[in-house]
Amino acid sequence: MLSGRCRAVRGLTVFDLRISCNAPPLRVLRRLMLSGAALTVFGASAQAQTAPPNSLPTIVVESQRQKPKKPRVAVVPQAAQSAQTQTSSQDSAAPAPPPAAASEKTFTNADVNAVPTTRPGEALEVAPGLIVTQHSGEGKANQYFLRGFNLDHGTDLAITIDGMPANMRTHGHGQGYADINFMIPELIQSVQVKKGPYYADEGDFSSAGAVHIDYLNKIERAFAEVSAGSFGYRRALVAGSAQAGNGTVLTAIEANSYNGPWAVPDTIRKINGVLRYSEGNSDNGMSITGMAYRNGWTSTDQIAQRAIDSGLIDRFGTLNPTDGGNAERYSVSARLRDTDAAGSTKIDAFAIRSSLQLFNDFTYFLDDPINGDQFSQTDRRTVFGVNASHTFNHRFGMLPMETTFGVQTHYDDIDVGLFNTVDRRITGIVREDHVKEGSAGFYAQNLVRWTPWLRTTTGIRYDIFNASVNSDNPLNSGNVTSGMASPKFGIVLGPFAKTEFFANAGTGLHSNDARGSTITVDPVNGTPLDKSPLLVRSKGAELGVRTKIVPGLESSVALFVLDFDSELLFVGDAGTTEPSRPSRRVGVEWTNRYRVNSWLAFDADLAATKARFTDLDPAGNYIPGAPNLIGSASVVFGEKLGWFGAVKLRYFGPRPLIEDNSVQSLASTVVNARLGYSFDNGVRFQLDAINLFNAKTNQIEYYYESRLPNEAAGVFDRHVHPVEPLAVRASLRVPLQ
């Protein structure tokens, strides 16, 4: 085995390379290449010192392997363990690196699964200040809100699952569409949350934040779980792992059906599976994972408030019973991690095949008084990518440093279409396109530990995008290439009395739909249109403090600002571009996690944001849909055996629906609760109450023009999708070994 060590020789830092005679040749070759790169990068600093100019690195051949490193174990409080799936493996969990910003946090399987959720995506609400909701059927991507952004289906919130991107660019329904309905919360090992454009390893869609979800490698005890509840909710999950040679095979199969409280049932039929082979742990190991997901549903989209008020339909009714869709996703991914005293290597590779067909009707009879306004959006794509990075642990003089070089590649081959439909029958083509879009991001980041109480992080990133659009209208075809550099900086002071202070600044980017960057005419009427830039700049800064001065309590405060340049956005629902304006968001986040003892824990988070357009416009400067206040509070109790439970309150503040703020959405407060019992034989029973107090409020609200069947002209109105009423779900888990 080869390892790189730094040792001082007469004031000179040289690399001491050790090669084991028993090491595999490919491993030796790879490490020699990495060590050679390290010598190239840091050779200049060595030459600046007093060593003879012809000094060479010493190579020592050894016949014995180094002792394997003990895996690092994450400690989970008992109060959290009582409510988790109890599937995490010590070998697969590693402590998170020290945070680079006050808002950066990492959550465990126990944190994610401790509280009840309505849908899989809500598991991400473990991230402070993040709202995950839905305005359509449960097979559609969630809608996300964070830091004063209505992120629609994922724009500016980068989500990865096991190293694979969930966000889809140049998507049929919206840029950055991030469908995570294939996620199985019980398989989550950790969720890392980073906010703001301060991280060199974060690229497209990450300006507001990034959420990285890693799956478990091993389940300690195989289990089968069945759930049943209100409104036809049914779910079955079987998961387990077994030793296979030098590694572990993990399998999980999930089936789910649900009708919901809607007048026209959702009739969700979801099947989901994971097959994974892994060796080693999070620091030194590899995994190969296959995933398969299929879903079909009927959806009740947002409906006009006046239709409810007039009695045309009730709160759970629909104005088009044929809306809905179907989705499929299949993927193969591989991960490699290698760590030693000299540094660490990380490689992720993935291939994804996905398809989506949606049928929506948001305006009813506004555009077509005879046939109605239903339309279909299709998206079929193949995605390939490789992400690789290497971190060198070294010294500059007496200063310990970590320098990381990385590359991230992403390629999409996309067939995307927009069609007019009646009752899911295609009646006309708005546009069809074949898009090939590729990108490469290169970054370097340097962390210096100046003193025990001062460290800095400096980074630079360069992204280049290229897209080729072959449209059914040649006037909208074309090629576009764009690149952008993004500097990053962060400083951490402390700890002083268990308190650290953070300052961060940086620039980021957001990619627009490639079709908007080549468009020249409206696909419907042929009128000239302006092209949009393929890449748009974001700028952000954050000041924060994190303290553990009170025993058991971790508290943090972060003040942030985030600016976006003026941009044009491609509107997938219409097939055209729509101008938007420059904006600024200023806010504060306050996060508290208090572990009282082994069986009791409290969480409380509050995020307040002022979001405004920064140019002058008579229409006003409020940003429609931007949340100004988000809060949550929860209590989790119980030991590993016996009674356990949780209660979580989520507050979603009012949002302006038009630029002058004359129309606002309702605020919503929803409480979910859980009570269960774990037996010493591994059997577990739990009862979840969703919307415990039956709050009559809305998940989402918009304000736009629509036309009902009995109306002579369009009417501007509030359009809403209600929160589901009180629902009860019972779950029984039985061990299989």
# chains A, B, ... in the order shown; residues from 1 in each chain; ligands from 1
$ residues_around --residues "A:Pro582" --least-positions-apart "6" --cutoff "9 Å" --atoms "only C-alpha atoms" --output "ChimeraX atom specification"
/A:563-567,612-615
$ residues_around --residues "stretch 501-505 of chain A" --least-positions-apart "2" --cutoff "7 Å" --atoms "only C-alpha atoms" --output "list in words"
Ala101, Ala102, Tyr198, Lys488, Phe489, Gly490, Ile491, Val492, Leu493, Gly494, Thr499, Gly540, Ala541, Glu542, Leu543, Gly544, Val545 and Arg546 of chain A
$ select_by_dssp --residues "stretch 224-342 of chain A" --states "strand (DSSP E)" --output "PyMOL selection string"
chain A and resi 224-229+233-244+247-258+268-280+285-298+303-304+324-340
$ atom_distance --atom1 "atom CA of A:Pro656" --atom2 "atom CA of A:Leu629"
11.8 Å
$ closest_residue --among "A:Ser344, A:Asn470, A:Asn256, A:Ser731" --to "A:Arg431" --atoms "only C-alpha atoms"
A:Asn470
$ closest_residue --among "A:Thr507, A:Val469, A:Asn628, A:Gly317" --to "A:Asp415" --atoms "only C-alpha atoms"
A:Val469
$ residues_around --residues "A:Phe359" --least-positions-apart "3" --cutoff "8 Å" --atoms "only C-alpha atoms" --output "NGL selection string"
:A and (322-325 or 374-377 or 421 or 424)
$ write_last_selection --atoms "all heavy atoms" --output "short mmCIF file (atom, residue, chain, number, x, y, z; two decimals), in the first residue's frame"
data_model
loop_
_atom_site.label_atom_id
_atom_site.label_comp_id
_atom_site.auth_asym_id
_atom_site.auth_seq_id
_atom_site.Cartn_x
_atom_site.Cartn_y
_atom_site.Cartn_z
N THR A 322 -59.19 14.99 -15.61
CA THR A 322 -58.24 14.15 -16.34
C THR A 322 -56.80 14.63 -16.18
O THR A 322 -55.90 14.08 -16.84
CB THR A 322 -58.60 14.11 -17.84
OG1 THR A 322 -58.49 15.43 -18.40
CG2 THR A 322 -60.00 13.58 -18.04
N ASP A 323 -56.55 15.62 -15.33
CA ASP A 323 -55.17 16.03 -15.07
C ASP A 323 -54.43 14.89 -14.36
O ASP A 323 -55.03 14.09 -13.63
CB ASP A 323 -55.13 17.28 -14.19
CG ASP A 323 -55.52 18.54 -14.94
OD1 ASP A 323 -55.67 18.46 -16.18
OD2 ASP A 323 -55.68 19.59 -14.30
N GLY A 324 -53.13 14.85 -14.52
CA GLY A 324 -52.33 13.81 -13.86
C GLY A 324 -51.04 13.57 -14.61
O GLY A 324 -50.52 14.45 -15.31
N GLY A 325 -50.52 12.35 -14.47
CA GLY A 325 -49.27 12.07 -15.16
C GLY A 325 -48.71 10.71 -14.81
O GLY A 325 -49.30 9.93 -14.06
N GLN A 374 -56.27 22.40 -21.32
CA GLN A 374 -55.36 21.35 -20.86
C GLN A 374 -54.20 21.19 -21.84
O GLN A 374 -54.36 21.33 -23.06
CB GLN A 374 -56.08 20.02 -20.72
CG GLN A 374 -55.23 18.94 -20.03
CD GLN A 374 -55.88 17.58 -20.02
OE1 GLN A 374 -56.05 16.95 -21.07
NE2 GLN A 374 -56.27 17.12 -18.83
N PHE A 375 -53.02 20.92 -21.31
CA PHE A 375 -51.83 20.71 -22.13
C PHE A 375 -51.01 19.59 -21.52
O PHE A 375 -51.14 19.24 -20.34
CB PHE A 375 -51.00 21.99 -22.26
CG PHE A 375 -50.52 22.54 -20.94
CD1 PHE A 375 -49.27 22.20 -20.45
CD2 PHE A 375 -51.32 23.39 -20.19
CE1 PHE A 375 -48.81 22.70 -19.24
CE2 PHE A 375 -50.88 23.89 -18.97
CZ PHE A 375 -49.62 23.55 -18.49
N SER A 376 -50.15 19.03 -22.34
CA SER A 376 -49.27 17.95 -21.89
C SER A 376 -47.83 18.37 -22.08
O SER A 376 -47.47 18.99 -23.08
CB SER A 376 -49.54 16.67 -22.69
OG SER A 376 -48.61 15.66 -22.36
N GLN A 377 -47.00 18.02 -21.12
CA GLN A 377 -45.56 18.24 -21.19
C GLN A 377 -44.88 16.88 -21.08
O GLN A 377 -45.19 16.09 -20.18
CB GLN A 377 -45.10 19.15 -20.06
CG GLN A 377 -45.68 20.55 -20.14
CD GLN A 377 -45.63 21.27 -18.81
OE1 GLN A 377 -46.02 20.70 -17.79
NE2 GLN A 377 -45.19 22.51 -18.81
N THR A 421 -53.96 19.37 -25.38
CA THR A 421 -54.68 18.11 -25.19
C THR A 421 -56.12 18.37 -24.73
O THR A 421 -56.44 19.43 -24.20
CB THR A 421 -53.99 17.22 -24.13
OG1 THR A 421 -53.94 17.92 -22.88
CG2 THR A 421 -52.59 16.86 -24.57
N ARG A 424 -56.54 14.25 -22.06
CA ARG A 424 -55.29 13.52 -22.28
C ARG A 424 -55.10 13.07 -23.73
O ARG A 424 -54.18 12.32 -24.02
CB ARG A 424 -55.16 12.32 -21.33
CG ARG A 424 -55.13 12.69 -19.86
CD ARG A 424 -54.55 11.55 -19.02
NE ARG A 424 -54.57 11.87 -17.60
CZ ARG A 424 -53.93 11.18 -16.66
NH1 ARG A 424 -53.22 10.11 -17.02
NH2 ARG A 424 -53.98 11.52 -15.39
#
$ residues_around --residues "A:Val115" --least-positions-apart "4" --cutoff "9 Å" --atoms "only C-alpha atoms" --output "count of residues only"
15
$ closest_residue --among "A:Glu659, A:Asp463, A:Asp603, A:Asp201" --to "A:Ser482" --atoms "only C-alpha atoms"
A:Asp463
$ residues_around --residues "A:Pro261" --least-positions-apart "3" --cutoff "8 Å" --atoms "only C-alpha atoms" --output "list in words"
Phe231, Pro265, Phe316, Glu724 and Pro725 of chain A
$ write_last_selection --atoms "C-alpha atoms" --output "mmCIF file, in the first residue's frame"
data_model
loop_
_atom_site.group_PDB
_atom_site.id
_atom_site.type_symbol
_atom_site.label_atom_id
_atom_site.label_comp_id
_atom_site.auth_asym_id
_atom_site.auth_seq_id
_atom_site.Cartn_x
_atom_site.Cartn_y
_atom_site.Cartn_z
ATOM 1 C CA PHE A 231 -57.988 8.314 2.287
ATOM 2 C CA PRO A 265 -58.968 10.308 -6.275
ATOM 3 C CA PHE A 316 -61.139 19.252 -2.640
ATOM 4 C CA GLU A 724 -55.121 17.749 3.329
ATOM 5 C CA PRO A 725 -57.429 17.355 6.360
#
$ residues_around --residues "A:Ile271" --least-positions-apart "4" --cutoff "7 Å" --atoms "only C-alpha atoms" --output "ChimeraX atom specification"
/A:254-256,293-295
$ closest_residue --among "A:Arg537, A:Ile414, A:Lys531, A:Val596" --to "A:Pro551" --atoms "only C-alpha atoms"
A:Val596
$ closest_residue --among "A:Ser439, A:Asn150, A:Leu534, A:Asn142" --to "A:Ile623" --atoms "only C-alpha atoms"
A:Asn150
$ atom_distance --atom1 "atom CA of A:Arg461" --atom2 "atom CA of A:Asp283"
24.9 Å
$ closest_residue --among "A:Thr404, A:Ser207, A:Gln737, A:Ser468" --to "A:Gly516" --atoms "only C-alpha atoms"
A:Ser468
$ decode --residues "stretch 555-569 of chain A" --atoms "all heavy atoms" --output "PDB file, in the first residue's frame"
ATOM      1  N   SER A 555     -26.998  26.231  19.149  1.00  0.00           N
ATOM      2  CA  SER A 555     -27.779  27.342  18.622  1.00  0.00           C
ATOM      3  C   SER A 555     -26.946  28.116  17.615  1.00  0.00           C
ATOM      4  O   SER A 555     -25.733  28.289  17.794  1.00  0.00           O
ATOM      5  CB  SER A 555     -28.223  28.272  19.758  1.00  0.00           C
ATOM      6  OG  SER A 555     -29.054  29.308  19.268  1.00  0.00           O
ATOM      7  N   SER A 556     -27.564  28.560  16.532  1.00  0.00           N
ATOM      8  CA  SER A 556     -26.856  29.337  15.520  1.00  0.00           C
ATOM      9  C   SER A 556     -27.751  30.432  14.967  1.00  0.00           C
ATOM     10  O   SER A 556     -28.976  30.287  14.915  1.00  0.00           O
ATOM     11  CB  SER A 556     -26.373  28.438  14.379  1.00  0.00           C
ATOM     12  OG  SER A 556     -27.459  27.887  13.672  1.00  0.00           O
ATOM     13  N   VAL A 557     -27.119  31.531  14.585  1.00  0.00           N
ATOM     14  CA  VAL A 557     -27.791  32.651  13.928  1.00  0.00           C
ATOM     15  C   VAL A 557     -26.998  32.999  12.679  1.00  0.00           C
ATOM     16  O   VAL A 557     -25.764  33.097  12.724  1.00  0.00           O
ATOM     17  CB  VAL A 557     -27.898  33.873  14.851  1.00  0.00           C
ATOM     18  CG1 VAL A 557     -28.521  35.049  14.111  1.00  0.00           C
ATOM     19  CG2 VAL A 557     -28.707  33.547  16.101  1.00  0.00           C
ATOM     20  N   ALA A 558     -27.689  33.186  11.558  1.00  0.00           N
ATOM     21  CA  ALA A 558     -27.037  33.547  10.300  1.00  0.00           C
ATOM     22  C   ALA A 558     -27.786  34.710   9.662  1.00  0.00           C
ATOM     23  O   ALA A 558     -29.011  34.647   9.486  1.00  0.00           O
ATOM     24  CB  ALA A 558     -27.005  32.360   9.349  1.00  0.00           C
ATOM     25  N   LEU A 559     -27.053  35.768   9.316  1.00  0.00           N
ATOM     26  CA  LEU A 559     -27.581  36.894   8.560  1.00  0.00           C
ATOM     27  C   LEU A 559     -27.083  36.763   7.132  1.00  0.00           C
ATOM     28  O   LEU A 559     -25.874  36.581   6.912  1.00  0.00           O
ATOM     29  CB  LEU A 559     -27.115  38.218   9.158  1.00  0.00           C
ATOM     30  CG  LEU A 559     -27.414  38.453  10.642  1.00  0.00           C
ATOM     31  CD1 LEU A 559     -26.720  39.722  11.124  1.00  0.00           C
ATOM     32  CD2 LEU A 559     -28.910  38.555  10.869  1.00  0.00           C
ATOM     33  N   PHE A 560     -27.968  36.881   6.139  1.00  0.00           N
ATOM     34  CA  PHE A 560     -27.538  36.649   4.765  1.00  0.00           C
ATOM     35  C   PHE A 560     -28.131  37.679   3.812  1.00  0.00           C
ATOM     36  O   PHE A 560     -29.156  38.309   4.095  1.00  0.00           O
ATOM     37  CB  PHE A 560     -27.929  35.243   4.305  1.00  0.00           C
ATOM     38  CG  PHE A 560     -29.425  35.020   4.183  1.00  0.00           C
ATOM     39  CD1 PHE A 560     -30.102  35.309   3.006  1.00  0.00           C
ATOM     40  CD2 PHE A 560     -30.149  34.519   5.261  1.00  0.00           C
ATOM     41  CE1 PHE A 560     -31.466  35.103   2.903  1.00  0.00           C
ATOM     42  CE2 PHE A 560     -31.519  34.314   5.164  1.00  0.00           C
ATOM     43  CZ  PHE A 560     -32.185  34.610   3.982  1.00  0.00           C
ATOM     44  N   VAL A 561     -27.458  37.844   2.674  1.00  0.00           N
ATOM     45  CA  VAL A 561     -27.951  38.646   1.559  1.00  0.00           C
ATOM     46  C   VAL A 561     -27.650  37.885   0.285  1.00  0.00           C
ATOM     47  O   VAL A 561     -26.587  37.259   0.150  1.00  0.00           O
ATOM     48  CB  VAL A 561     -27.309  40.057   1.542  1.00  0.00           C
ATOM     49  CG1 VAL A 561     -25.792  39.958   1.436  1.00  0.00           C
ATOM     50  CG2 VAL A 561     -27.879  40.893   0.403  1.00  0.00           C
ATOM     51  N   LEU A 562     -28.585  37.899  -0.665  1.00  0.00           N
ATOM     52  CA  LEU A 562     -28.402  37.182  -1.924  1.00  0.00           C
ATOM     53  C   LEU A 562     -29.007  38.012  -3.052  1.00  0.00           C
ATOM     54  O   LEU A 562     -30.186  38.372  -3.012  1.00  0.00           O
ATOM     55  CB  LEU A 562     -29.066  35.804  -1.860  1.00  0.00           C
ATOM     56  CG  LEU A 562     -28.887  34.881  -3.060  1.00  0.00           C
ATOM     57  CD1 LEU A 562     -27.409  34.614  -3.320  1.00  0.00           C
ATOM     58  CD2 LEU A 562     -29.624  33.561  -2.841  1.00  0.00           C
ATOM     59  N   ASP A 563     -28.191  38.321  -4.050  1.00  0.00           N
ATOM     60  CA  ASP A 563     -28.614  39.122  -5.202  1.00  0.00           C
ATOM     61  C   ASP A 563     -28.621  38.274  -6.458  1.00  0.00           C
ATOM     62  O   ASP A 563     -27.732  37.432  -6.665  1.00  0.00           O
ATOM     63  CB  ASP A 563     -27.663  40.300  -5.421  1.00  0.00           C
ATOM     64  CG  ASP A 563     -27.759  41.349  -4.325  1.00  0.00           C
ATOM     65  OD1 ASP A 563     -28.672  41.237  -3.489  1.00  0.00           O
ATOM     66  OD2 ASP A 563     -26.920  42.262  -4.302  1.00  0.00           O
ATOM     67  N   PHE A 564     -29.612  38.526  -7.314  1.00  0.00           N
ATOM     68  CA  PHE A 564     -29.665  37.906  -8.634  1.00  0.00           C
ATOM     69  C   PHE A 564     -29.691  38.993  -9.698  1.00  0.00           C
ATOM     70  O   PHE A 564     -30.411  39.988  -9.570  1.00  0.00           O
ATOM     71  CB  PHE A 564     -30.910  37.029  -8.777  1.00  0.00           C
ATOM     72  CG  PHE A 564     -30.667  35.575  -8.507  1.00  0.00           C
ATOM     73  CD1 PHE A 564     -30.796  35.065  -7.235  1.00  0.00           C
ATOM     74  CD2 PHE A 564     -30.307  34.712  -9.529  1.00  0.00           C
ATOM     75  CE1 PHE A 564     -30.565  33.729  -6.976  1.00  0.00           C
ATOM     76  CE2 PHE A 564     -30.073  33.382  -9.285  1.00  0.00           C
ATOM     77  CZ  PHE A 564     -30.203  32.877  -8.007  1.00  0.00           C
ATOM     78  N   ASP A 565     -28.910  38.791 -10.768  1.00  0.00           N
ATOM     79  CA  ASP A 565     -28.944  39.709 -11.899  1.00  0.00           C
ATOM     80  C   ASP A 565     -30.258  39.558 -12.662  1.00  0.00           C
ATOM     81  O   ASP A 565     -30.984  38.586 -12.504  1.00  0.00           O
ATOM     82  CB  ASP A 565     -27.780  39.431 -12.856  1.00  0.00           C
ATOM     83  CG  ASP A 565     -26.438  39.775 -12.244  1.00  0.00           C
ATOM     84  OD1 ASP A 565     -26.425  40.481 -11.209  1.00  0.00           O
ATOM     85  OD2 ASP A 565     -25.408  39.341 -12.786  1.00  0.00           O
ATOM     86  N   SER A 566     -30.521  40.536 -13.497  1.00  0.00           N
ATOM     87  CA  SER A 566     -31.696  40.451 -14.363  1.00  0.00           C
ATOM     88  C   SER A 566     -31.568  39.254 -15.289  1.00  0.00           C
ATOM     89  O   SER A 566     -30.479  38.928 -15.751  1.00  0.00           O
ATOM     90  CB  SER A 566     -31.822  41.736 -15.186  1.00  0.00           C
ATOM     91  OG  SER A 566     -32.936  41.668 -16.039  1.00  0.00           O
ATOM     92  N   GLU A 567     -32.659  38.589 -15.540  1.00  0.00           N
ATOM     93  CA  GLU A 567     -32.611  37.397 -16.373  1.00  0.00           C
ATOM     94  C   GLU A 567     -33.925  37.198 -17.099  1.00  0.00           C
ATOM     95  O   GLU A 567     -34.946  37.794 -16.761  1.00  0.00           O
ATOM     96  CB  GLU A 567     -32.317  36.168 -15.515  1.00  0.00           C
ATOM     97  CG  GLU A 567     -33.343  35.930 -14.425  1.00  0.00           C
ATOM     98  CD  GLU A 567     -32.984  34.735 -13.550  1.00  0.00           C
ATOM     99  OE1 GLU A 567     -33.132  33.599 -14.019  1.00  0.00           O
ATOM    100  OE2 GLU A 567     -32.556  34.951 -12.415  1.00  0.00           O
ATOM    101  N   LEU A 568     -33.894  36.352 -18.101  1.00  0.00           N
ATOM    102  CA  LEU A 568     -35.095  35.896 -18.775  1.00  0.00           C
ATOM    103  C   LEU A 568     -35.273  34.424 -18.452  1.00  0.00           C
ATOM    104  O   LEU A 568     -34.318  33.654 -18.473  1.00  0.00           O
ATOM    105  CB  LEU A 568     -34.984  36.091 -20.291  1.00  0.00           C
ATOM    106  CG  LEU A 568     -34.920  37.537 -20.779  1.00  0.00           C
ATOM    107  CD1 LEU A 568     -34.667  37.564 -22.280  1.00  0.00           C
ATOM    108  CD2 LEU A 568     -36.202  38.269 -20.455  1.00  0.00           C
ATOM    109  N   LEU A 569     -36.492  34.030 -18.163  1.00  0.00           N
ATOM    110  CA  LEU A 569     -36.776  32.647 -17.798  1.00  0.00           C
ATOM    111  C   LEU A 569     -37.616  31.991 -18.872  1.00  0.00           C
ATOM    112  O   LEU A 569     -38.536  32.603 -19.413  1.00  0.00           O
ATOM    113  CB  LEU A 569     -37.524  32.586 -16.462  1.00  0.00           C
ATOM    114  CG  LEU A 569     -36.801  33.190 -15.257  1.00  0.00           C
ATOM    115  CD1 LEU A 569     -37.703  33.145 -14.043  1.00  0.00           C
ATOM    116  CD2 LEU A 569     -35.512  32.452 -14.992  1.00  0.00           C
TER     117      LEU A 569
END
